[in-house]
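Below: target-v8.cif (mmCIF, C-alpha atoms and all ligand atoms)
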data_final
loop_
_atom_site.group_PDB
_atom_site.id
_atom_site.type_symbol
_atom_site.label_atom_id
_atom_site.label_comp_id
_atom_site.auth_asym_id
_atom_site.auth_seq_id
_atom_site.Cartn_x
_atom_site.Cartn_y
_atom_site.Cartn_z
ATOM 1 C CA MET A 1345 95.302 113.490 125.237
ATOM 2 C CA GLY A 1346 98.676 115.058 125.932
ATOM 3 C CA ARG A 1347 100.371 117.323 123.483
ATOM 4 C CA LEU A 1348 103.148 114.803 122.903
ATOM 5 C CA LEU A 1349 100.676 112.183 121.661
ATOM 6 C CA ARG A 1350 99.098 114.764 119.382
ATOM 7 C CA LEU A 1351 102.448 115.099 117.584
ATOM 8 C CA LEU A 1352 101.513 111.761 116.037
ATOM 9 C CA ASP A 1353 98.840 113.607 114.013
ATOM 10 C CA GLY A 1354 101.782 114.769 111.919
ATOM 11 C CA HIS A 1355 101.972 111.239 110.504
ATOM 12 C CA GLU A 1356 98.488 111.609 109.044
ATOM 13 C CA GLU A 1357 99.548 114.895 107.459
ATOM 14 C CA LEU A 1358 102.591 113.175 105.964
ATOM 15 C CA ARG A 1359 100.402 110.440 104.498
ATOM 16 C CA ALA A 1360 98.058 113.059 103.018
ATOM 17 C CA ALA A 1361 100.988 114.989 101.539
ATOM 18 C CA LEU A 1362 102.366 111.840 99.902
ATOM 19 C CA ARG A 1363 98.942 111.014 98.540
ATOM 20 C CA ALA A 1364 98.635 114.517 97.042
ATOM 21 C CA HIS A 1365 101.874 113.843 95.157
ATOM 22 C CA GLN A 1366 100.586 110.499 93.911
ATOM 23 C CA GLU A 1367 97.293 112.037 92.793
ATOM 24 C CA ALA A 1368 99.207 114.620 90.750
ATOM 25 C CA VAL A 1369 101.283 111.807 89.226
ATOM 26 C CA ALA A 1370 98.124 109.845 88.392
ATOM 27 C CA ALA A 1371 96.704 112.962 86.710
ATOM 28 C CA GLY A 1372 99.920 113.316 84.694
ATOM 29 C CA ASP A 1373 100.627 116.802 86.044
ATOM 30 C CA LEU A 1374 104.410 116.787 86.341
ATOM 31 C CA GLU A 1375 104.780 120.267 87.816
ATOM 32 C CA ALA A 1376 102.134 119.675 90.472
ATOM 33 C CA ALA A 1377 103.673 116.272 91.216
ATOM 34 C CA ARG A 1378 107.084 117.850 91.811
ATOM 35 C CA THR A 1379 105.651 120.624 93.985
ATOM 36 C CA ALA A 1380 103.634 118.155 96.060
ATOM 37 C CA TRP A 1381 106.642 115.868 96.363
ATOM 38 C CA ASP A 1382 108.801 118.692 97.732
ATOM 39 C CA ARG A 1383 106.091 119.582 100.243
ATOM 40 C CA PHE A 1384 106.004 115.976 101.459
ATOM 41 C CA HIS A 1385 109.778 115.571 101.431
ATOM 42 C CA ALA A 1386 110.406 118.763 103.402
ATOM 43 C CA ARG A 1387 107.898 117.677 106.037
ATOM 44 C CA LEU A 1388 109.316 114.163 106.260
ATOM 45 C CA ASP A 1389 112.890 115.390 106.717
ATOM 46 C CA ALA A 1390 111.823 118.064 109.218
ATOM 47 C CA HIS A 1391 109.640 115.650 111.189
ATOM 48 C CA SER A 1392 112.286 112.947 111.545
ATOM 49 C CA ARG A 1393 115.091 115.405 112.298
ATOM 50 C CA ALA A 1394 113.075 117.151 115.015
ATOM 51 C CA GLU A 1395 112.471 113.716 116.556
ATOM 52 C CA ASP A 1396 116.177 112.866 116.277
ATOM 53 C CA GLU A 1397 117.179 116.097 117.975
ATOM 54 C CA LEU A 1398 114.564 116.292 120.711
ATOM 55 C CA LEU A 1399 112.682 113.041 121.295
ATOM 56 C CA LEU A 1400 115.270 110.299 120.812
ATOM 57 C CA PRO A 1401 117.798 111.755 123.279
ATOM 58 C CA ARG A 1402 115.043 111.882 125.906
ATOM 59 C CA LEU A 1403 114.109 108.283 125.168
ATOM 60 C CA ALA A 1404 117.763 107.219 125.434
ATOM 61 C CA ALA A 1405 118.184 109.089 128.717
ATOM 62 C CA GLY A 1406 115.408 107.033 130.320
ATOM 63 C CA GLY A 1407 117.027 103.667 129.589
ATOM 64 C CA PRO A 1408 115.505 100.630 127.848
ATOM 65 C CA THR A 1409 111.738 100.386 127.506
ATOM 66 C CA SER A 1410 109.552 97.365 128.143
ATOM 67 C CA VAL A 1411 107.570 97.880 124.927
ATOM 68 C CA GLY A 1412 110.245 97.281 122.297
ATOM 69 C CA GLY A 1413 111.405 99.928 119.877
ATOM 70 C CA GLY A 1414 114.369 101.758 121.281
ATOM 71 C CA VAL A 1415 116.502 104.589 120.001
ATOM 72 C CA GLU A 1416 118.539 102.488 117.550
ATOM 73 C CA LEU A 1417 115.420 101.203 115.823
ATOM 74 C CA PHE A 1418 113.891 104.664 115.411
ATOM 75 C CA ASP A 1419 117.191 106.105 114.264
ATOM 76 C CA ARG A 1420 117.642 103.307 111.711
ATOM 77 C CA GLU A 1421 114.116 103.779 110.379
ATOM 78 C CA HIS A 1422 114.576 107.536 110.054
ATOM 79 C CA ARG A 1423 117.732 106.991 108.021
ATOM 80 C CA LYS A 1424 116.025 104.454 105.801
ATOM 81 C CA LEU A 1425 113.062 106.795 105.223
ATOM 82 C CA ARG A 1426 115.500 109.553 104.201
ATOM 83 C CA ARG A 1427 117.404 107.235 101.858
ATOM 84 C CA LEU A 1428 114.198 106.142 100.140
ATOM 85 C CA ALA A 1429 112.961 109.732 99.924
ATOM 86 C CA ALA A 1430 116.283 110.962 98.500
ATOM 87 C CA ALA A 1431 116.150 108.263 95.799
ATOM 88 C CA ALA A 1432 112.566 109.188 94.951
ATOM 89 C CA HIS A 1433 113.554 112.855 94.864
ATOM 90 C CA ARG A 1434 116.184 112.146 92.209
ATOM 91 C CA ARG A 1435 113.742 110.122 90.148
ATOM 92 C CA ILE A 1436 111.059 112.800 90.325
ATOM 93 C CA HIS A 1437 113.275 115.815 89.684
ATOM 94 C CA ASP A 1438 115.819 114.372 87.261
ATOM 95 C CA ALA A 1439 113.373 112.805 84.826
ATOM 96 C CA ALA A 1440 114.007 114.418 81.465
ATOM 97 C CA VAL A 1441 110.373 114.492 80.418
ATOM 98 C CA GLY A 1442 108.009 117.314 79.576
ATOM 99 C CA GLU A 1443 104.986 115.328 80.574
ATOM 100 C CA LEU A 1444 104.243 112.085 82.372
ATOM 101 C CA PRO A 1445 103.396 109.230 80.016
ATOM 102 C CA PRO A 1446 101.014 106.624 81.516
ATOM 103 C CA GLY A 1447 103.752 104.003 81.976
ATOM 104 C CA LEU A 1448 105.896 106.405 83.967
ATOM 105 C CA ARG A 1449 102.926 107.384 86.155
ATOM 106 C CA VAL A 1450 102.481 103.752 87.126
ATOM 107 C CA ASP A 1451 106.228 103.315 87.719
ATOM 108 C CA TRP A 1452 106.414 106.362 89.982
ATOM 109 C CA ILE A 1453 103.402 105.356 92.024
ATOM 110 C CA GLU A 1454 104.641 101.772 92.425
ATOM 111 C CA ALA A 1455 108.155 102.923 93.278
ATOM 112 C CA LEU A 1456 106.840 104.597 96.436
ATOM 113 C CA HIS A 1457 105.401 101.359 97.778
ATOM 114 C CA VAL A 1458 108.336 100.538 100.073
ATOM 115 C CA LEU A 1459 108.449 104.091 101.445
ATOM 116 C CA LYS A 1460 104.712 103.994 102.197
ATOM 117 C CA GLU A 1461 105.004 100.625 103.925
ATOM 118 C CA LEU A 1462 107.885 101.826 106.059
ATOM 119 C CA LEU A 1463 105.977 104.995 106.992
ATOM 120 C CA ALA A 1464 103.042 102.855 108.140
ATOM 121 C CA HIS A 1465 105.255 100.546 110.243
ATOM 122 C CA HIS A 1466 107.135 103.483 111.683
ATOM 123 C CA ASP A 1467 103.861 105.134 112.691
ATOM 124 C CA GLU A 1468 102.835 101.972 114.547
ATOM 125 C CA ARG A 1469 106.145 101.717 116.350
ATOM 126 C CA GLU A 1470 106.208 105.351 117.454
ATOM 127 C CA ARG A 1471 102.588 105.082 118.595
ATOM 128 C CA ALA A 1472 103.545 102.078 120.736
ATOM 129 C CA ALA A 1473 107.065 102.775 121.904
ATOM 130 C CA LEU A 1474 108.057 106.434 121.611
ATOM 131 C CA HIS A 1475 105.442 109.095 122.333
ATOM 132 C CA PRO A 1476 103.486 107.250 125.071
ATOM 133 C CA VAL A 1477 106.724 106.145 126.749
ATOM 134 C CA LEU A 1478 107.982 109.733 126.904
ATOM 135 C CA GLU A 1479 104.596 110.982 128.064
ATOM 136 C CA ASP A 1480 104.609 108.461 130.925
ATOM 137 C CA ARG A 1481 108.182 109.116 131.921
ATOM 138 C CA LEU A 1482 108.182 112.899 131.760
ATOM 139 C CA GLY A 1483 104.876 113.846 133.289
ATOM 140 C CA ALA A 1484 102.326 116.217 131.756
ATOM 141 C CA ALA A 1485 104.075 119.577 132.065
ATOM 142 C CA GLU A 1486 107.473 118.438 130.808
ATOM 143 C CA ALA A 1487 105.936 116.331 128.038
ATOM 144 C CA ASP A 1488 103.897 119.318 126.838
ATOM 145 C CA GLU A 1489 106.955 121.520 126.826
ATOM 146 C CA LEU A 1490 108.950 118.930 124.869
ATOM 147 C CA ALA A 1491 106.093 118.596 122.362
ATOM 148 C CA ARG A 1492 105.959 122.361 121.890
ATOM 149 C CA ARG A 1493 109.696 122.521 121.216
ATOM 150 C CA CYS A 1494 109.475 119.589 118.820
ATOM 151 C CA SER A 1495 106.651 121.209 116.786
ATOM 152 C CA ASP A 1496 108.498 124.514 116.647
ATOM 153 C CA ARG A 1497 111.699 122.811 115.510
ATOM 154 C CA GLU A 1498 109.855 120.811 112.868
ATOM 155 C CA ALA A 1499 108.240 123.974 111.477
ATOM 156 C CA GLU A 1500 111.613 125.723 111.458
ATOM 157 C CA LEU A 1501 113.340 122.852 109.631
ATOM 158 C CA ALA A 1502 110.509 122.506 107.103
ATOM 159 C CA ALA A 1503 110.640 126.226 106.312
ATOM 160 C CA ALA A 1504 114.417 126.071 105.800
ATOM 161 C CA TRP A 1505 114.332 122.919 103.646
ATOM 162 C CA THR A 1506 115.934 123.346 100.235
ATOM 163 C CA GLY A 1507 116.414 119.747 99.144
ATOM 164 C CA PRO A 1508 117.361 116.277 100.385
ATOM 165 C CA LEU A 1509 119.512 116.163 103.488
ATOM 166 C CA GLY A 1510 123.247 115.617 103.096
ATOM 167 C CA ALA A 1511 124.804 112.164 103.271
ATOM 168 C CA ASP A 1512 126.061 112.857 106.793
ATOM 169 C CA VAL A 1513 122.477 113.087 108.036
ATOM 170 C CA VAL A 1514 121.033 110.386 105.797
ATOM 171 C CA GLU A 1515 123.765 107.796 106.199
ATOM 172 C CA GLY A 1516 125.346 108.803 109.486
ATOM 173 C CA PRO A 1517 128.957 109.748 110.185
ATOM 174 C CA ARG A 1518 131.558 107.823 108.175
ATOM 175 C CA SER A 1519 133.544 107.106 111.257
ATOM 176 C CA ALA A 1520 130.652 105.005 112.596
ATOM 177 C CA SER A 1521 131.390 102.160 110.179
HETATM 178 FE FE FE A 1601 107.008 110.670 113.976
HETATM 179 FE FE FE A 1602 109.900 109.108 113.386
#
Just give me the structure of the file as structure tokens.
Ligand SMILES: [Fe+2]
Ligand SMILES: [Fe+2]
Amino acid sequence: MGRLLRLLDGHEELRAALRAHQEAVAAGDLEAARTAWDRFHARLDAHSRAEDELLLPRLAAGGPTSVGGGVELFDREHRKLRRLAAAAHRRIHDAAVGELPPGLRVDWIEALHVLKELLAHHDERERAALHPVLEDRLGAAEADELARRCSDREAELAAAWTGPLGADVVEGPRSAS
């Protein structure tokens, strides 16, 4: 399997990171829940931004694909994931509670349902219409090099993450509307 396809393993790590947050919520450990949330959120933002910067322009450069997807779809889904994550971030960090009462634990876990569903759909679409398309189009050496740059950029962005991305990244430039 090429290195570009192995980037998709990052989706499994994202799922595991989100689950770690939910397990801390279920256990009522607010501090651990916030720490785990930030770990997930940083990785999600870094992962989607690295794709925006490095993978989507290469997909666009190759023209339309025969397998659906397309740059606009991936871009739209990344923005929606960031919007949902930013809303969850506010809920998790702004709650004026010292501990997590059982009702709030259930609310927080249920509130992530839409984000989890979108992550699952997005994984399917990238598996079908992003990474394999680039791998086919670029050839092994170039695809491996692109994958290496994408992983490095993701690690760099995750390490520099200090909170939800600004509205310009989440919503797109104002002039676009
Ligand atoms: Fe991805
Ligand atoms: Fe993505």
Mind pulling up the distance from CA of Leu1448 in chain A to CA of Val1369 in chain A? 8.8 Å
Between A:Ala1432, A:Ala1472, A:Ala1440, A:Met1345, which one has atoms that come closest to ligand FE 1601 (chain A), using all atoms listed in the file? A:Ala1472
How close does chain A get to ligand FE 1601 (chain A)? List, as a Markdown table, each residue of chain A within 12 Å, its nearest atom pair and the distance in Å to one decimal, counting all atoms listed in the file.
| residue | atom | partner | partner_atom | distance |
| --- | --- | --- | --- | --- |
| A:Leu1348 | CA | A:FE1601 | FE | 10.6 |
| A:Leu1349 | CA | A:FE1601 | FE | 10.1 |
| A:Arg1350 | CA | A:FE1601 | FE | 10.4 |
| A:Leu1351 | CA | A:FE1601 | FE | 7.3 |
| A:Leu1352 | CA | A:FE1601 | FE | 6.0 |
| A:Asp1353 | CA | A:FE1601 | FE | 8.7 |
| A:Gly1354 | CA | A:FE1601 | FE | 7.0 |
| A:His1355 | CA | A:FE1601 | FE | 6.1 |
| A:Glu1356 | CA | A:FE1601 | FE | 9.9 |
| A:Glu1357 | CA | A:FE1601 | FE | 10.8 |
| A:Leu1358 | CA | A:FE1601 | FE | 9.5 |
| A:Arg1359 | CA | A:FE1601 | FE | 11.6 |
| A:Arg1387 | CA | A:FE1601 | FE | 10.6 |
| A:Leu1388 | CA | A:FE1601 | FE | 8.8 |
| A:Asp1389 | CA | A:FE1601 | FE | 10.5 |
| A:Ala1390 | CA | A:FE1601 | FE | 10.0 |
| A:His1391 | CA | A:FE1601 | FE | 6.3 |
| A:Ser1392 | CA | A:FE1601 | FE | 6.2 |
| A:Arg1393 | CA | A:FE1601 | FE | 9.5 |
| A:Ala1394 | CA | A:FE1601 | FE | 8.9 |
| A:Glu1395 | CA | A:FE1601 | FE | 6.8 |
| A:Asp1396 | CA | A:FE1601 | FE | 9.7 |
| A:Leu1398 | CA | A:FE1601 | FE | 11.6 |
| A:Leu1399 | CA | A:FE1601 | FE | 9.6 |
| A:Leu1400 | CA | A:FE1601 | FE | 10.7 |
| A:Phe1418 | CA | A:FE1601 | FE | 9.2 |
| A:Asp1419 | CA | A:FE1601 | FE | 11.2 |
| A:Glu1421 | CA | A:FE1601 | FE | 10.5 |
| A:His1422 | CA | A:FE1601 | FE | 9.1 |
| A:Leu1425 | CA | A:FE1601 | FE | 11.3 |
| A:Leu1462 | CA | A:FE1601 | FE | 11.9 |
| A:Leu1463 | CA | A:FE1601 | FE | 9.1 |
| A:Ala1464 | CA | A:FE1601 | FE | 10.5 |
| A:His1465 | CA | A:FE1601 | FE | 10.9 |
| A:His1466 | CA | A:FE1601 | FE | 7.5 |
| A:Asp1467 | CA | A:FE1601 | FE | 6.5 |
| A:Glu1468 | CA | A:FE1601 | FE | 9.7 |
| A:Arg1469 | CA | A:FE1601 | FE | 9.3 |
| A:Glu1470 | CA | A:FE1601 | FE | 6.4 |
| A:Arg1471 | CA | A:FE1601 | FE | 8.5 |
| A:Ala1472 | CA | A:FE1601 | FE | 11.5 |
| A:Ala1473 | CA | A:FE1601 | FE | 11.2 |
| A:Leu1474 | CA | A:FE1601 | FE | 8.8 |
| A:His1475 | CA | A:FE1601 | FE | 8.6 |
| A:Ala1491 | CA | A:FE1601 | FE | 11.6 |
| A:Cys1494 | CA | A:FE1601 | FE | 10.4 |
| A:Ser1495 | CA | A:FE1601 | FE | 10.9 |
| A:Glu1498 | CA | A:FE1601 | FE | 10.6 |
Taking the file as shown, what set of residues would the PyMOL selection byres (((chain A and resi 1442) around 10) and not hetatm) give back, as a list in words?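 Against this file, the PyMOL selection byres (((chain A and resi 1442) around 10) and not hetatm) returns the residues Asp1373, Leu1374, Glu1375, Ala1439, Ala1440, Val1441, Glu1443, Leu1444 and Pro1445 of chain A.
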Residue among A:Ala1360, A:Ala1502, A:Ala1371, A:Ala1429 lying closest to Val1458 in chain A, counting all atoms listed in the file: A:Ala1429
For Ala1431 in chain A, work out the shell of residues within 10 Å, counting only C-alpha atoms and skipping chain neighbours fewer than 5 positions away, then give it as a compact mmCIF listing (two decimals) with C-alpha atoms, in the coordinates of the input.
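Output (part.txt):
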# COMPACT_ATOMS: atom_id res chain seq x y z
CA ARG A 1426 115.50 109.55 104.20
CA ILE A 1436 111.06 112.80 90.32
CA ALA A 1455 108.16 102.92 93.28
CA PRO A 1508 117.36 116.28 100.38
Would you kindly return, as a PyMOL selection string, each protein, DNA or RNA residue with an atom no farther than 12 Å from any atom of Pro1408 in chain A, considering all atoms listed in the file and excluding same-chain residues fewer than 6 positions away? chain A and resi 1400+1402+1414-1416+1473-1474+1477-1478+1481
Work out how far CA of Ser1410 in chain A is from CA of Leu1490 in chain A, in Å to one decimal.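 Distance reported for this atom pair: 21.8 Å.
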When you count only C-alpha atoms and all ligand atoms, which of these residues is closest to ligand FE 1602 (chain A): A:Ala1364, A:Ala1404, A:Ala1386, A:Leu1417?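 Residue with the minimum atom-to-atom distance to ligand FE 1602 (chain A): A:Leu1417.
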Separating CA of Glu1397 in chain A from CA of Leu1459 in chain A, to the nearest tenth of an Å, is a gap of 22.2 Å
Residue neighbourhood Ile1453 in chain A, 8 Å, all atoms listed in the file, exclusion window fewer than 2 positions, as a PyMOL selection string: chain A and resi 1366+1369-1370+1449-1451+1455-1457
Which residues, written as a list in words, have at least one atom at most 9 Å from Asp1488 in chain A, with only C-alpha atoms counted and residues fewer than 5 positions away on the same chain left out?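 Answer for this query is Gly1346, Arg1347, Leu1348, Glu1479, Gly1483 and Arg1493 of chain A.
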Written selection (C-alpha atoms) as a short mmCIF file (atom, residue, chain, number, x, y, z; two decimals), in the coordinates of the input:
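The file below, again.cif, is the result:
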data_model
loop_
_atom_site.label_atom_id
_atom_site.label_comp_id
_atom_site.auth_asym_id
_atom_site.auth_seq_id
_atom_site.Cartn_x
_atom_site.Cartn_y
_atom_site.Cartn_z
CA GLY A 1346 98.68 115.06 125.93
CA ARG A 1347 100.37 117.32 123.48
CA LEU A 1348 103.15 114.80 122.90
CA GLU A 1479 104.60 110.98 128.06
CA GLY A 1483 104.88 113.85 133.29
CA ARG A 1493 109.70 122.52 121.22
#
Determine the nearest neighbour of ligand FE 1602 (chain A) from the options A:Arg1497, A:Arg1434, A:Lys1424, A:Arg1492, counting only C-alpha atoms and all ligand atoms.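 Of A:Arg1497, A:Arg1434, A:Lys1424, A:Arg1492, the one nearest ligand FE 1602 (chain A) is A:Lys1424, counting only C-alpha atoms and all ligand atoms.
Proximity ranking of A:Gly1413, A:Gly1372, A:Asp1382, A:Leu1362 relative to ligand FE 1602 (chain A) places A:Gly1413 first, based on all atoms listed in the file.
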Write out N, CA and C atoms for range 1480-1514 of chain A, as a PDB file, in the frame of the given file.
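Output below, filename rebuild-v2.pdb:
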ATOM      1  N   ASP A1480     104.651 109.103 129.597  1.00  0.00           N
ATOM      2  CA  ASP A1480     104.609 108.461 130.925  1.00  0.00           C
ATOM      3  C   ASP A1480     105.801 108.874 131.777  1.00  0.00           C
ATOM      4  N   ARG A1481     106.961 108.874 131.145  1.00  0.00           N
ATOM      5  CA  ARG A1481     108.182 109.116 131.921  1.00  0.00           C
ATOM      6  C   ARG A1481     108.320 110.566 132.357  1.00  0.00           C
ATOM      7  N   LEU A1482     107.882 111.490 131.497  1.00  0.00           N
ATOM      8  CA  LEU A1482     108.182 112.899 131.760  1.00  0.00           C
ATOM      9  C   LEU A1482     107.142 113.597 132.628  1.00  0.00           C
ATOM     10  N   GLY A1483     105.926 113.114 132.581  1.00  0.00           N
ATOM     11  CA  GLY A1483     104.876 113.846 133.289  1.00  0.00           C
ATOM     12  C   GLY A1483     104.321 114.931 132.373  1.00  0.00           C
ATOM     13  N   ALA A1484     103.093 115.376 132.682  1.00  0.00           N
ATOM     14  CA  ALA A1484     102.326 116.217 131.756  1.00  0.00           C
ATOM     15  C   ALA A1484     103.047 117.516 131.381  1.00  0.00           C
ATOM     16  N   ALA A1485     103.530 118.241 132.359  1.00  0.00           N
ATOM     17  CA  ALA A1485     104.075 119.577 132.065  1.00  0.00           C
ATOM     18  C   ALA A1485     105.329 119.477 131.198  1.00  0.00           C
ATOM     19  N   GLU A1486     106.228 118.562 131.567  1.00  0.00           N
ATOM     20  CA  GLU A1486     107.473 118.438 130.808  1.00  0.00           C
ATOM     21  C   GLU A1486     107.209 117.867 129.418  1.00  0.00           C
ATOM     22  N   ALA A1487     106.277 116.921 129.335  1.00  0.00           N
ATOM     23  CA  ALA A1487     105.936 116.331 128.038  1.00  0.00           C
ATOM     24  C   ALA A1487     105.339 117.389 127.117  1.00  0.00           C
ATOM     25  N   ASP A1488     104.491 118.249 127.653  1.00  0.00           N
ATOM     26  CA  ASP A1488     103.897 119.318 126.838  1.00  0.00           C
ATOM     27  C   ASP A1488     104.960 120.286 126.347  1.00  0.00           C
ATOM     28  N   GLU A1489     105.887 120.598 127.199  1.00  0.00           N
ATOM     29  CA  GLU A1489     106.955 121.520 126.826  1.00  0.00           C
ATOM     30  C   GLU A1489     107.837 120.901 125.732  1.00  0.00           C
ATOM     31  N   LEU A1490     108.150 119.625 125.890  1.00  0.00           N
ATOM     32  CA  LEU A1490     108.950 118.930 124.869  1.00  0.00           C
ATOM     33  C   LEU A1490     108.201 118.906 123.533  1.00  0.00           C
ATOM     34  N   ALA A1491     106.904 118.639 123.588  1.00  0.00           N
ATOM     35  CA  ALA A1491     106.093 118.596 122.362  1.00  0.00           C
ATOM     36  C   ALA A1491     106.089 119.961 121.679  1.00  0.00           C
ATOM     37  N   ARG A1492     105.970 121.014 122.463  1.00  0.00           N
ATOM     38  CA  ARG A1492     105.959 122.361 121.890  1.00  0.00           C
ATOM     39  C   ARG A1492     107.286 122.642 121.185  1.00  0.00           C
ATOM     40  N   ARG A1493     108.386 122.290 121.831  1.00  0.00           N
ATOM     41  CA  ARG A1493     109.696 122.521 121.216  1.00  0.00           C
ATOM     42  C   ARG A1493     109.859 121.692 119.949  1.00  0.00           C
ATOM     43  N   CYS A1494     109.357 120.481 119.980  1.00  0.00           N
ATOM     44  CA  CYS A1494     109.475 119.589 118.820  1.00  0.00           C
ATOM     45  C   CYS A1494     108.675 120.145 117.628  1.00  0.00           C
ATOM     46  N   SER A1495     107.453 120.623 117.883  1.00  0.00           N
ATOM     47  CA  SER A1495     106.651 121.209 116.786  1.00  0.00           C
ATOM     48  C   SER A1495     107.319 122.448 116.226  1.00  0.00           C
ATOM     49  N   ASP A1496     107.834 123.290 117.115  1.00  0.00           N
ATOM     50  CA  ASP A1496     108.498 124.514 116.647  1.00  0.00           C
ATOM     51  C   ASP A1496     109.715 124.181 115.791  1.00  0.00           C
ATOM     52  N   ARG A1497     110.489 123.193 116.246  1.00  0.00           N
ATOM     53  CA  ARG A1497     111.699 122.811 115.510  1.00  0.00           C
ATOM     54  C   ARG A1497     111.334 122.217 114.150  1.00  0.00           C
ATOM     55  N   GLU A1498     110.287 121.412 114.137  1.00  0.00           N
ATOM     56  CA  GLU A1498     109.855 120.811 112.868  1.00  0.00           C
ATOM     57  C   GLU A1498     109.445 121.906 111.874  1.00  0.00           C
ATOM     58  N   ALA A1499     108.684 122.881 112.359  1.00  0.00           N
ATOM     59  CA  ALA A1499     108.240 123.974 111.477  1.00  0.00           C
ATOM     60  C   ALA A1499     109.445 124.762 110.959  1.00  0.00           C
ATOM     61  N   GLU A1500     110.416 124.974 111.838  1.00  0.00           N
ATOM     62  CA  GLU A1500     111.613 125.723 111.458  1.00  0.00           C
ATOM     63  C   GLU A1500     112.403 124.967 110.383  1.00  0.00           C
ATOM     64  N   LEU A1501     112.584 123.658 110.594  1.00  0.00           N
ATOM     65  CA  LEU A1501     113.340 122.852 109.631  1.00  0.00           C
ATOM     66  C   LEU A1501     112.602 122.752 108.295  1.00  0.00           C
ATOM     67  N   ALA A1502     111.286 122.614 108.352  1.00  0.00           N
ATOM     68  CA  ALA A1502     110.509 122.506 107.103  1.00  0.00           C
ATOM     69  C   ALA A1502     110.615 123.799 106.309  1.00  0.00           C
ATOM     70  N   ALA A1503     110.573 124.932 107.003  1.00  0.00           N
ATOM     71  CA  ALA A1503     110.640 126.226 106.312  1.00  0.00           C
ATOM     72  C   ALA A1503     112.011 126.447 105.683  1.00  0.00           C
ATOM     73  N   ALA A1504     113.050 125.856 106.294  1.00  0.00           N
ATOM     74  CA  ALA A1504     114.417 126.071 105.800  1.00  0.00           C
ATOM     75  C   ALA A1504     114.835 125.017 104.774  1.00  0.00           C
ATOM     76  N   TRP A1505     113.973 124.061 104.513  1.00  0.00           N
ATOM     77  CA  TRP A1505     114.332 122.919 103.646  1.00  0.00           C
ATOM     78  C   TRP A1505     114.557 123.386 102.215  1.00  0.00           C
ATOM     79  N   THR A1506     115.682 122.965 101.628  1.00  0.00           N
ATOM     80  CA  THR A1506     115.934 123.346 100.235  1.00  0.00           C
ATOM     81  C   THR A1506     116.218 122.133  99.354  1.00  0.00           C
ATOM     82  N   GLY A1507     116.156 120.951  99.926  1.00  0.00           N
ATOM     83  CA  GLY A1507     116.414 119.747  99.144  1.00  0.00           C
ATOM     84  C   GLY A1507     116.791 118.626 100.090  1.00  0.00           C
ATOM     85  N   PRO A1508     117.054 117.427  99.535  1.00  0.00           N
ATOM     86  CA  PRO A1508     117.361 116.277 100.385  1.00  0.00           C
ATOM     87  C   PRO A1508     118.514 116.573 101.334  1.00  0.00           C
ATOM     88  N   LEU A1509     118.463 115.972 102.495  1.00  0.00           N
ATOM     89  CA  LEU A1509     119.512 116.163 103.488  1.00  0.00           C
ATOM     90  C   LEU A1509     120.826 115.591 102.970  1.00  0.00           C
ATOM     91  N   GLY A1510     121.935 116.105 103.505  1.00  0.00           N
ATOM     92  CA  GLY A1510     123.247 115.617 103.096  1.00  0.00           C
ATOM     93  C   GLY A1510     123.489 114.192 103.557  1.00  0.00           C
ATOM     94  N   ALA A1511     124.505 113.563 102.955  1.00  0.00           N
ATOM     95  CA  ALA A1511     124.804 112.164 103.271  1.00  0.00           C
ATOM     96  C   ALA A1511     125.138 111.968 104.746  1.00  0.00           C
ATOM     97  N   ASP A1512     125.691 113.011 105.381  1.00  0.00           N
ATOM     98  CA  ASP A1512     126.061 112.857 106.793  1.00  0.00           C
ATOM     99  C   ASP A1512     124.825 112.634 107.657  1.00  0.00           C
ATOM    100  N   VAL A1513     123.707 113.255 107.268  1.00  0.00           N
ATOM    101  CA  VAL A1513     122.477 113.087 108.036  1.00  0.00           C
ATOM    102  C   VAL A1513     121.751 111.805 107.607  1.00  0.00           C
ATOM    103  N   VAL A1514     121.768 111.550 106.299  1.00  0.00           N
ATOM    104  CA  VAL A1514     121.033 110.386 105.797  1.00  0.00           C
ATOM    105  C   VAL A1514     121.729 109.084 106.180  1.00  0.00           C
TER     106      VAL A1514
END
